[in-house]
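Participant: Okay, so here is work28.tsv, and as you'll see once you scroll down, it has TSV, C-alpha atoms.
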```
chain	number	residue	atom	x	y	z
V	783	MET	CA	4.59	7.33	-25.61
V	784	SER	CA	2.16	5.13	-27.50
V	785	THR	CA	-1.11	3.86	-26.09
V	786	THR	CA	0.14	0.35	-26.90
V	787	ALA	CA	2.80	0.69	-24.20
V	788	LEU	CA	0.16	1.87	-21.72
V	789	GLY	CA	-2.04	-1.06	-22.72
V	790	ILE	CA	0.78	-3.53	-22.08
V	791	SER	CA	1.37	-2.02	-18.64
V	792	ALA	CA	-2.36	-2.25	-17.90
V	793	LEU	CA	-2.50	-5.87	-19.06
V	794	PHE	CA	0.45	-6.73	-16.85
V	795	MET	CA	-1.26	-5.26	-13.79
V	796	VAL	CA	-4.54	-7.00	-14.61
V	797	GLY	CA	-2.61	-10.24	-15.08
V	798	CYS	CA	-0.92	-9.82	-11.70
V	799	CYS	CA	-4.30	-9.27	-10.02
V	800	ALA	CA	-5.78	-12.31	-11.79
V	801	LEU	CA	-2.85	-14.56	-10.83
V	802	ALA	CA	-3.03	-13.38	-7.23
V	803	GLN	CA	-6.74	-14.15	-7.11
V	804	ILE	CA	-6.11	-17.63	-8.53
V	805	ALA	CA	-3.41	-18.14	-5.88
V	806	ARG	CA	-5.89	-17.17	-3.16
V	807	VAL	CA	-8.46	-19.67	-4.46
V	808	ILE	CA	-5.86	-22.44	-4.58
V	809	CYS	CA	-4.71	-21.54	-1.08
V	810	ARG	CA	-8.26	-21.80	0.29
V	811	ARG	CA	-8.66	-25.23	-1.26
V	812	LEU	CA	-5.30	-26.66	-0.24
V	813	VAL	CA	-4.98	-25.14	3.22
V	814	THR	CA	-8.30	-26.02	4.81
V	815	ARG	CA	-7.33	-25.80	8.47
V	816	GLU	CA	-7.65	-22.56	10.34
V	817	GLY	CA	-4.68	-20.90	11.96
V	818	LEU	CA	-1.76	-18.67	11.19
V	819	VAL	CA	-0.50	-20.44	8.05
V	820	PRO	CA	-3.33	-19.40	5.67
V	821	ILE	CA	-3.18	-15.87	7.12
V	822	LEU	CA	0.54	-15.61	6.34
V	823	ILE	CA	0.04	-17.01	2.83
V	824	ASN	CA	-2.71	-14.48	2.11
V	825	GLU	CA	-0.51	-11.65	3.38
V	826	ALA	CA	2.34	-12.78	1.14
V	827	ILE	CA	0.03	-13.01	-1.89
V	828	ALA	CA	-1.44	-9.57	-1.23
V	829	ALA	CA	2.00	-8.01	-0.81
V	830	ALA	CA	3.27	-9.65	-3.99
V	831	GLU	CA	0.22	-8.39	-5.90
V	832	LEU	CA	0.62	-4.89	-4.48
V	833	CYS	CA	4.33	-4.61	-5.22
V	834	ALA	CA	4.16	-6.16	-8.69
V	835	CYS	CA	1.49	-3.68	-9.73
V	836	CYS	CA	3.33	-0.75	-8.14
V	837	PHE	CA	6.56	-1.67	-9.94
V	838	GLU	CA	4.62	-1.27	-13.18
V	839	LEU	CA	3.00	1.91	-11.89
V	840	ILE	CA	6.50	3.39	-11.76
V	841	ILE	CA	6.69	2.82	-15.52
V	842	VAL	CA	3.27	4.45	-15.95
V	843	ALA	CA	4.23	7.50	-13.87
V	844	ASP	CA	7.58	7.96	-15.63
V	845	ASN	CA	6.10	7.80	-19.12
V	846	PHE	CA	2.45	8.85	-18.89
V	847	GLY	CA	2.43	11.24	-15.94
V	848	VAL	CA	1.14	11.32	-12.39
V	849	SER	CA	-2.49	11.72	-13.53
V	850	MET	CA	-2.53	8.35	-15.30
V	851	TYR	CA	-0.65	6.86	-12.36
V	852	ALA	CA	-3.37	8.16	-10.02
V	853	VAL	CA	-6.20	6.73	-12.14
V	854	CYS	CA	-4.57	3.28	-12.21
V	855	LEU	CA	-3.81	3.37	-8.48
V	856	PHE	CA	-7.39	4.40	-7.66
V	857	LEU	CA	-8.84	1.48	-9.64
V	858	LEU	CA	-6.34	-0.96	-8.13
V	859	THR	CA	-7.07	0.08	-4.54
V	860	ILE	CA	-10.79	-0.44	-5.13
V	861	TRP	CA	-10.08	-3.95	-6.42
V	862	TRP	CA	-7.73	-4.78	-3.55
V	863	GLY	CA	-10.30	-3.61	-1.02
V	864	ARG	CA	-12.77	-6.10	-2.48
V	865	VAL	CA	-10.58	-9.20	-2.72
V	866	TRP	CA	-7.90	-9.05	-0.02
V	867	GLY	CA	-10.20	-9.92	2.86
V	868	ASP	CA	-8.32	-9.69	6.17
V	869	ALA	CA	-4.94	-9.23	4.47
V	870	SER	CA	-3.48	-5.73	4.43
V	871	ALA	CA	0.02	-6.11	2.93
V	872	CYS	CA	1.04	-3.39	5.37
V	873	PRO	CA	2.83	-3.91	8.73
V	874	TYR	CA	1.46	-0.94	10.62
V	875	THR	CA	-2.11	-2.24	10.54
V	876	HIS	CA	-0.88	-5.18	12.63
V	877	MET	CA	1.00	-2.79	14.90
V	878	GLU	CA	-2.29	-0.99	15.49
V	879	ASP	CA	-3.87	-4.34	16.35
V	880	VAL	CA	-1.09	-5.03	18.88
V	881	VAL	CA	-1.57	-1.62	20.52
V	882	GLU	CA	-5.34	-2.17	20.76
V	883	GLY	CA	-4.92	-5.72	22.05
V	884	ARG	CA	-6.46	-7.49	19.05
V	885	THR	CA	-3.40	-9.57	18.17
V	886	SER	CA	-0.06	-10.69	19.60
V	887	PHE	CA	3.39	-9.32	18.90
V	888	LYS	CA	4.33	-12.71	17.45
V	889	GLU	CA	1.52	-12.63	14.88
V	890	MET	CA	2.36	-9.04	13.98
V	891	ALA	CA	6.00	-9.96	13.37
V	892	LEU	CA	5.14	-13.05	11.32
V	893	ARG	CA	2.60	-11.22	9.16
V	894	SER	CA	5.10	-8.43	8.52
V	895	TRP	CA	7.75	-10.99	7.58
V	896	ALA	CA	5.35	-12.73	5.16
V	897	GLU	CA	4.53	-9.38	3.55
V	898	LEU	CA	8.21	-8.53	3.12
V	899	MET	CA	8.92	-11.91	1.53
V	900	GLY	CA	6.01	-11.63	-0.88
V	901	GLY	CA	6.76	-8.02	-1.80
V	902	CYS	CA	10.51	-8.41	-2.29
V	903	CYS	CA	10.52	-11.77	-4.07
V	904	VAL	CA	7.99	-10.73	-6.72
V	905	TYR	CA	10.53	-8.31	-8.21
V	906	ARG	CA	12.15	-11.22	-10.07
V	907	VAL	CA	8.87	-11.84	-11.91
V	908	VAL	CA	8.62	-8.15	-12.80
V	909	GLN	CA	12.25	-8.10	-13.89
V	910	VAL	CA	11.69	-10.98	-16.32
V	911	PHE	CA	8.66	-9.19	-17.77
V	912	TRP	CA	10.67	-6.01	-18.24
V	913	TRP	CA	13.55	-7.99	-19.74
V	914	LEU	CA	11.22	-9.19	-22.51
V	915	GLU	CA	10.80	-5.51	-23.50
V	916	LEU	CA	7.32	-6.00	-24.90
V	917	ALA	CA	6.80	-2.25	-24.64
V	918	GLU	CA	9.14	0.60	-25.49
V	919	THR	CA	8.75	1.88	-21.94
V	920	HIS	CA	10.45	-1.28	-20.63
V	921	ARG	CA	13.66	-0.86	-22.60
V	922	GLY	CA	16.66	-1.02	-20.30
V	923	ARG	CA	14.52	-1.11	-17.13
V	924	ALA	CA	15.15	-4.73	-16.11
V	925	PHE	CA	18.72	-4.15	-14.93
V	926	GLU	CA	18.69	-0.39	-14.50
V	927	ALA	CA	19.97	1.07	-11.23
V	928	CYS	CA	17.09	2.58	-9.31
V	929	ASN	CA	16.92	6.06	-7.81
V	930	ALA	CA	15.26	7.02	-4.54
V	931	ASP	CA	12.06	9.05	-4.64
V	932	LEU	CA	13.02	11.06	-1.57
V	933	GLN	CA	13.42	14.67	-2.73
V	934	VAL	CA	13.57	16.30	0.73
V	935	SER	CA	15.62	15.69	3.88
V	936	PRO	CA	15.05	12.31	5.57
V	937	TYR	CA	13.46	13.94	8.62
V	938	LEU	CA	11.06	16.02	6.55
V	939	GLY	CA	10.35	12.92	4.49
V	940	ALA	CA	9.51	11.00	7.67
V	941	VAL	CA	7.14	13.79	8.74
V	942	ILE	CA	5.44	13.75	5.33
V	943	GLU	CA	5.03	9.97	5.34
V	944	GLY	CA	3.91	10.04	8.97
V	945	VAL	CA	1.34	12.82	8.66
V	946	ALA	CA	-0.07	11.43	5.41
V	947	THR	CA	-0.33	7.95	6.94
V	948	LEU	CA	-2.03	9.45	9.99
V	949	LEU	CA	-4.59	11.20	7.77
V	950	CYS	CA	-5.07	8.03	5.73
V	951	ARG	CA	-5.73	5.92	8.82
V	952	LEU	CA	-8.08	8.51	10.32
V	953	ALA	CA	-10.05	8.54	7.08
V	954	SER	CA	-10.24	4.73	7.04
V	955	LYS	CA	-11.35	4.57	10.67
V	956	THR	CA	-14.00	7.23	10.05
V	957	ILE	CA	-15.35	5.41	6.99
V	958	SER	CA	-15.32	2.13	8.90
V	959	GLU	CA	-17.47	3.60	11.68
V	960	LYS	CA	-19.86	5.67	9.55
V	961	GLU	CA	-20.18	3.04	6.78
V	962	PRO	CA	-21.29	5.52	4.11
V	963	ARG	CA	-22.51	4.46	0.72
V	964	PHE	CA	-19.56	4.02	-1.66
V	965	GLY	CA	-17.26	3.99	1.38
V	966	SER	CA	-14.59	1.93	-0.40
V	967	TYR	CA	-14.51	4.41	-3.28
V	968	ILE	CA	-14.18	7.34	-0.89
V	969	ASP	CA	-11.38	5.59	1.00
V	970	SER	CA	-9.54	4.83	-2.25
V	971	PHE	CA	-9.95	8.40	-3.45
V	972	ILE	CA	-8.56	9.85	-0.22
V	973	GLY	CA	-5.61	7.44	-0.22
V	974	THR	CA	-4.82	8.12	-3.87
V	975	SER	CA	-5.07	11.89	-3.36
V	976	LEU	CA	-2.59	11.75	-0.46
V	977	VAL	CA	-0.20	9.64	-2.53
V	978	VAL	CA	-0.31	12.17	-5.36
V	979	ALA	CA	0.17	15.06	-2.91
V	980	ALA	CA	3.35	13.46	-1.50
V	981	PHE	CA	4.56	12.02	-4.80
V	982	ASN	CA	7.20	14.66	-5.55
V	983	PHE	CA	8.47	14.86	-1.97
V	984	SER	CA	8.79	11.39	-0.44
V	985	GLY	CA	7.23	9.25	-3.16
V	986	GLY	CA	3.98	8.84	-1.21
V	987	TYR	CA	4.37	5.19	-0.22
V	988	PHE	CA	2.64	5.13	3.20
V	989	ASN	CA	3.52	1.45	3.42
V	990	PRO	CA	6.90	0.20	4.71
V	991	VAL	CA	6.74	-3.09	2.78
V	992	LEU	CA	5.93	-1.35	-0.51
V	993	ALA	CA	8.70	1.21	-0.02
V	994	THR	CA	11.22	-1.48	0.89
V	995	ALA	CA	10.34	-3.73	-2.05
V	996	LEU	CA	10.53	-0.85	-4.54
V	997	LYS	CA	13.27	1.41	-3.18
V	998	TRP	CA	15.54	-0.39	-0.70
V	999	GLY	CA	19.16	0.10	-1.74
V	1000	CYS	CA	18.38	2.70	-4.41
V	1001	ARG	CA	20.66	5.66	-5.00
V	1002	GLY	CA	19.68	8.80	-3.13
V	1003	HIS	CA	19.34	7.65	0.47
V	1004	THR	CA	21.13	5.34	2.90
V	1005	HIS	CA	19.56	2.28	4.49
V	1006	LEU	CA	19.15	4.19	7.76
V	1007	GLU	CA	17.45	7.10	6.02
V	1008	HIS	CA	15.11	4.66	4.28
V	1009	ILE	CA	14.14	3.15	7.64
V	1010	ILE	CA	13.61	6.57	9.20
V	1011	VAL	CA	11.36	7.80	6.38
V	1012	TYR	CA	9.39	4.75	5.31
V	1013	TRP	CA	9.32	2.59	8.44
V	1014	ILE	CA	9.53	4.88	11.45
V	1015	GLY	CA	7.63	7.74	9.81
V	1016	ALA	CA	4.74	5.70	8.43
V	1017	CYS	CA	4.41	3.37	11.45
V	1018	ALA	CA	4.50	6.30	13.89
V	1019	GLY	CA	1.72	8.01	11.95
V	1020	ALA	CA	-0.42	4.88	11.95
V	1021	VAL	CA	0.02	4.14	15.66
V	1022	LEU	CA	-0.60	7.80	16.49
V	1023	SER	CA	-3.95	7.59	14.70
V	1024	ILE	CA	-5.27	5.39	17.54
V	1025	PRO	CA	-5.18	8.00	20.34
V	1026	VAL	CA	-5.91	10.87	17.92
V	1027	PHE	CA	-9.12	9.17	16.74
V	1028	LYS	CA	-10.28	8.93	20.36
V	1029	VAL	CA	-9.90	12.67	21.00
V	1030	PRO	CA	-13.44	14.13	21.42
V	1031	ALA	CA	-12.75	17.14	19.20
V	1032	VAL	CA	-11.47	14.87	16.41
V	1033	ARG	CA	-14.47	12.58	16.70
V	1034	ARG	CA	-16.82	15.57	16.55
V	1035	LEU	CA	-15.04	16.79	13.43
V	1036	LEU	CA	-14.95	13.42	11.67
V	1037	LEU	CA	-18.08	11.71	12.96
V	1038	GLY	CA	-20.27	14.62	14.05
V	1039	GLU	CA	-20.84	12.94	17.39
V	1040	GLY	CA	-21.41	16.23	19.19
V	1041	SER	CA	-24.21	17.38	16.87
V	1042	ALA	CA	-25.76	13.91	16.90
V	1043	SER	CA	-25.89	13.79	20.71
V	1044	LYS	CA	-27.36	17.31	20.87
V	1045	SER	CA	-30.17	16.42	18.47
V	1046	LYS	CA	-30.99	13.35	20.57
V	1047	GLN	CA	-31.18	15.43	23.74
V	1048	GLU	CA	-33.51	17.92	22.06
```
If you took the structure in this file and wrote it as structure tokens, what would it be?

Facilitator:
Amino acid sequence: MSTTALGISALFMVGCCALAQIARVICRRLVTREGLVPILINEAIAAAELCACCFELIIVADNFGVSMYAVCLFLLTIWWGRVWGDASACPYTHMEDVVEGRTSFKEMALRSWAELMGGCCVYRVVQVFWWLELAETHRGRAFEACNADLQVSPYLGAVIEGVATLLCRLASKTISEKEPRFGSYIDSFIGTSLVVAAFNFSGGYFNPVLATALKWGCRGHTHLEHIIVYWIGACAGAVLSIPVFKVPAVRRLLLGEGSASKSKQE
């Protein structure tokens, strides 16, 4: 495939990020009062930005390989970490907040709903862009039937999504506590590496909203199997990261707390 096609895909993703940032600025100016409304709007914008870019990343992976896909995803996650603020575009982060008593079940449900709406509705924008067929890689993609990325049994897929999400969340919690230099880059690298590792097995989504927006109703799995793999698997892994991160042996491994306390005693 030509570099022109890759350039068009890159421009589309940059355009999506720029439009999302403009939407955030407009939202801050129009919705001045504090409360749940601006939070829900920001979640919807973040989810729409995430899913629009990941729709185009499918084109990149199919035509330019997983390596180019990984490079683009790495750069995008760094950008999102800088501009999303408190938004996560991912339901299980709010589930973690509920478990730890930082938010209510109502807010968790509303934020998840806003993310689903933003992620699913943006497909129409992507579909119009593909319909224009500005690049050879977009030919026939606008109305093409999609195929599931799940290449293993649903239960193994759920384990893969769950374990990878658990590792991802443990890495993020560790980086958040240690605050190393270039922490956001390290976090993005770990997340991207896990996505690539799971790419040929479950698709490596680690985000129920992203998986639903991109693959709900696709050939290759039933609705129930989709829920088991991408919702139950990923959410279970994220929630499990809370007690696992509190285990002393895990904290010693990730944070070096044991060695630090010994040096203080000496």

Participant: One decimal, Å: what's the distance from CA of Thr956 in chain V over to CA of Val1029 in chain V, could you say?

Facilitator: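 CA of Val1029 in chain V lies 12.9 Å from CA of Thr956 in chain V.
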
Participant: Kindly give the distance, in Å, that separates CA of Ala871 in chain V and CA of Cys902 in chain V, rounded to a single decimal.

Facilitator: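 Separation of CA of Ala871 in chain V and CA of Cys902 in chain V: 11.9 Å.
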
Participant: For CA of Ala946 in chain V and CA of Leu976 in chain V, determine how far apart the two atoms are, in Å to one decimal place.

Facilitator: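 Value for the CA of Ala946 in chain V-CA of Leu976 in chain V distance: 6.4 Å.
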
Participant: Can you pull out every residue within 12 Å of Val880 in chain V, counting only C-alpha atoms, but drop anything in the same chain fewer than 4 positions away, and send it as a list in words?

Facilitator: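 Residues meeting the cut-off are Pro873, Tyr874, Thr875, His876, Arg884, Thr885, Ser886, Phe887, Lys888, Glu889, Met890, Ala891, Val1021 and Ile1024 of chain V.
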
Participant: Skip Ile823 in chain V itself and residues of its chain fewer than 4 positions away, then list as a PDB file with C-alpha atoms, in the frame of the given file all residues within 8 Å of it, counting only C-alpha atoms.

Facilitator:
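result.pdb written:
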```pdb
ATOM      1  CA  CYS V 809      -4.710 -21.540  -1.080  1.00  0.00           C
ATOM      2  CA  VAL V 819      -0.500 -20.440   8.050  1.00  0.00           C
ATOM      3  CA  ILE V 827       0.030 -13.010  -1.890  1.00  0.00           C
ATOM      4  CA  ALA V 896       5.350 -12.730   5.160  1.00  0.00           C
TER       5      ALA V 896
END
```

Participant: Check the smallest atom-to-atom distance from each of V:Asn824, V:Thr786, V:Thr947, V:Thr974 to Met899 in chain V using all atoms listed in the file, then report the winner.

Facilitator: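 Looking at the shortest contact to Met899 in chain V, the residue is V:Asn824.
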
Participant: What are the closest atom pairs, with distances in Å to one decimal, for all residues of range 936-1023 of chain V lying within 9 Å of range 841-857 of chain V? Consider all atoms listed in the file, order rows by chain and residue number, and present the result as a tab-separated table.

Facilitator:
```
residue	atom	partner	partner_atom	distance
V:Tyr967	CA	V:Phe856	CA	8.4
V:Ser970	CA	V:Phe856	CA	5.8
V:Phe971	CA	V:Phe856	CA	6.3
V:Gly973	CA	V:Phe856	CA	8.2
V:Thr974	CA	V:Phe856	CA	5.9
V:Ser975	CA	V:Ala852	CA	7.8
V:Val977	CA	V:Ala852	CA	8.3
V:Val978	CA	V:Ala852	CA	6.9
V:Phe981	CA	V:Val848	CA	8.4
```

Participant: Would you list the contacts of Leu822 in chain V as a PyMOL selection string, taking every protein, DNA or RNA residue within 10 Å and counting all atoms listed in the file, but skipping same-chain residues closer than 3 positions in sequence?

Facilitator: chain V and resi 817-819+825-828+869+889+892-897+900

Participant: I'd like the contact shell of range 836-839 of chain V - 12 Å cut-off, all atoms listed in the file, skipping same-chain residues fewer than 4 positions apart - returned as an mmCIF file with C-alpha atoms, in the coordinates of the input.

Facilitator:
```
data_model
loop_
_atom_site.group_PDB
_atom_site.id
_atom_site.type_symbol
_atom_site.label_atom_id
_atom_site.label_comp_id
_atom_site.auth_asym_id
_atom_site.auth_seq_id
_atom_site.Cartn_x
_atom_site.Cartn_y
_atom_site.Cartn_z
ATOM 1 C CA ALA V 787 2.800 0.690 -24.200
ATOM 2 C CA LEU V 788 0.160 1.870 -21.720
ATOM 3 C CA GLY V 789 -2.040 -1.060 -22.720
ATOM 4 C CA ILE V 790 0.780 -3.530 -22.080
ATOM 5 C CA SER V 791 1.370 -2.020 -18.640
ATOM 6 C CA ALA V 792 -2.360 -2.250 -17.900
ATOM 7 C CA LEU V 793 -2.500 -5.870 -19.060
ATOM 8 C CA PHE V 794 0.450 -6.730 -16.850
ATOM 9 C CA MET V 795 -1.260 -5.260 -13.790
ATOM 10 C CA VAL V 796 -4.540 -7.000 -14.610
ATOM 11 C CA GLY V 797 -2.610 -10.240 -15.080
ATOM 12 C CA CYS V 798 -0.920 -9.820 -11.700
ATOM 13 C CA CYS V 799 -4.300 -9.270 -10.020
ATOM 14 C CA ALA V 829 2.000 -8.010 -0.810
ATOM 15 C CA ALA V 830 3.270 -9.650 -3.990
ATOM 16 C CA GLU V 831 0.220 -8.390 -5.900
ATOM 17 C CA LEU V 832 0.620 -4.890 -4.480
ATOM 18 C CA ALA V 843 4.230 7.500 -13.870
ATOM 19 C CA ASP V 844 7.580 7.960 -15.630
ATOM 20 C CA ASN V 845 6.100 7.800 -19.120
ATOM 21 C CA PHE V 846 2.450 8.850 -18.890
ATOM 22 C CA GLY V 847 2.430 11.240 -15.940
ATOM 23 C CA VAL V 848 1.140 11.320 -12.390
ATOM 24 C CA SER V 849 -2.490 11.720 -13.530
ATOM 25 C CA MET V 850 -2.530 8.350 -15.300
ATOM 26 C CA TYR V 851 -0.650 6.860 -12.360
ATOM 27 C CA ALA V 852 -3.370 8.160 -10.020
ATOM 28 C CA VAL V 853 -6.200 6.730 -12.140
ATOM 29 C CA CYS V 854 -4.570 3.280 -12.210
ATOM 30 C CA LEU V 855 -3.810 3.370 -8.480
ATOM 31 C CA PHE V 856 -7.390 4.400 -7.660
ATOM 32 C CA LEU V 858 -6.340 -0.960 -8.130
ATOM 33 C CA THR V 859 -7.070 0.080 -4.540
ATOM 34 C CA GLY V 901 6.760 -8.020 -1.800
ATOM 35 C CA CYS V 902 10.510 -8.410 -2.290
ATOM 36 C CA VAL V 904 7.990 -10.730 -6.720
ATOM 37 C CA TYR V 905 10.530 -8.310 -8.210
ATOM 38 C CA ARG V 906 12.150 -11.220 -10.070
ATOM 39 C CA VAL V 907 8.870 -11.840 -11.910
ATOM 40 C CA VAL V 908 8.620 -8.150 -12.800
ATOM 41 C CA GLN V 909 12.250 -8.100 -13.890
ATOM 42 C CA PHE V 911 8.660 -9.190 -17.770
ATOM 43 C CA TRP V 912 10.670 -6.010 -18.240
ATOM 44 C CA ALA V 917 6.800 -2.250 -24.640
ATOM 45 C CA THR V 919 8.750 1.880 -21.940
ATOM 46 C CA HIS V 920 10.450 -1.280 -20.630
ATOM 47 C CA ARG V 923 14.520 -1.110 -17.130
ATOM 48 C CA ALA V 924 15.150 -4.730 -16.110
ATOM 49 C CA CYS V 928 17.090 2.580 -9.310
ATOM 50 C CA GLY V 985 7.230 9.250 -3.160
ATOM 51 C CA GLY V 986 3.980 8.840 -1.210
ATOM 52 C CA TYR V 987 4.370 5.190 -0.220
ATOM 53 C CA ASN V 989 3.520 1.450 3.420
ATOM 54 C CA VAL V 991 6.740 -3.090 2.780
ATOM 55 C CA LEU V 992 5.930 -1.350 -0.510
ATOM 56 C CA ALA V 993 8.700 1.210 -0.020
ATOM 57 C CA THR V 994 11.220 -1.480 0.890
ATOM 58 C CA ALA V 995 10.340 -3.730 -2.050
ATOM 59 C CA LEU V 996 10.530 -0.850 -4.540
ATOM 60 C CA LYS V 997 13.270 1.410 -3.180
#
```
